[in-house]
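> Could you have a look at this structure, given as structure tokens, before my questions?
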Amino acid sequence: MEAIVYEEFGGPEVLRLQEAPEPHAGPGQVRVRVAAAGVNALDYKIRRGWTKDMFPTTLPAVPGVEVAGTVDEIGDGVTGVAVGDEVVGWSVTGAYAPYALAETVAPKPDALSWETAVALPVAGETSERVLRLLGVKNGETLLVNGGAGAVGSIAVQLAVARGATVVATASEANHDFLRVLGATPVTYGEGLVERVRAVAPQGVDAVFDVAGKGALPDAIELRGGTTDRVVTIADPGAAGLGVVFSGGAVSEDAESILAEQARLAADGTLRVEVAKVLPLEQAAQAQALSEEGHVRGKLVLQV
């Protein structure tokens, strides 16, 4: 099969469309005929070689952890999934390809497009996992640093659905978008503490740092000098500040989380923003856009 492959760590230019071995489902796996693949910040971090300790990578490698498509092969021990089922989930072999293997998938509702479905697994599970870690509940105030991206926009909505007041950072161009999602927007950068206090004089009960970029000291100050109930998924300096970094393995109930969020997205309750859809052969361009940041919503590859 022709897939996106990189044979060395480096910039987007190392991504090339070339022949790669076609995978086949092993025990506990399904093979998916890929319709769409999600593009994540994690993809370029792995490609750069920045996450070798957390995500060991054997080269050559096919990138991509989010996959949506049709099951066409089932391995031993798999139940509840049949050939021909349309699914969305996490790839274990790389999703930037015509075929990918997966171990955790959920049904894709008929009303949900492939592009919207594939925007859900990482952003939805990450948002739910971190909101649980933070213990966000009705009547509290949550600060989301980086509210307009794929993860941030879903986190905002899930927190609002819990009854929380949400303040979210974004560039000025994305403030109206955040208001539609139910958040009070503020601009990120110098002076953040004062801007947040101006719109949330009641204080901030928890902080979800999606974007990184040095915002943790401000988050700690807004929490009254404590790191309690501050979680980041983006700042590698978290440990040095005593802040929890949440990453790596997905939740044990990831499949049920995804199935419920897909249902909510299909009926319009959960808004899933797709920033841009590009063909598979433009994977390098997609990852370059991801690496630049400031993308509102999800970048998707159409396979």
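Chain labels A, B, ... are given in the sequence in which chains occur in the structure tokens; within each chain residues are numbered consecutively from 1, and ligands are likewise numbered from 1 in the order shown.
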Find the residues around Leu142 in chain A up to 9 Å (only C-alpha atoms counted), leave out those fewer than 5 positions away in its own chain, and share them as a list in words.

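The filter keeps Val136, Val156, Ala159, Ala164, Thr165, Val166, Val167, Ala168, Val204, Asp205, Ala206, Val207 and Phe208 of chain A.
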
> Near range 38-47 of chain A, counting only C-alpha atoms, which residues have an atom at most 8 Å away, once you skip same-chain residues fewer than 2 positions from it, shown as a PyMOL selection string?

chain A and resi 6+9-12+36+49-52+55+57+63-67+95+118-119+286-287+290-291+298-301

> Name the residues of range 4-225 of chain A that fall into strand (DSSP E) according to DSSP on the backbone, using the chain letters and numbers of this document, as an MDAnalysis selection string.

chainID A and resid 4:5 16:19 30:39 66:74 86:91 99:107 141:145 165:169 184:186 206:209

> At a cut-off of 9 Å, using only C-alpha atoms, what residues contact range 269-279 of chain A? Leave out same-chain residues fewer than 4 positions from it and give the result as a PyMOL selection string.

chain A and resi 115-117+119-120+149-150+153-154+157-158+181+261-265+283+285-286+295-303

> Rank nothing, just name the residue among A:Gly139, A:Thr104, A:Gly69, A:Gly28 nearest to Glu252 in chain A, using only C-alpha atoms.

A:Thr104

> Taking only C-alpha atoms into account, which of A:Leu59, A:Met54, A:Ala173, A:Val30 comes nearest Ser91 in chain A?

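Among the listed residues, the smallest separation from Ser91 in chain A belongs to A:Val30.
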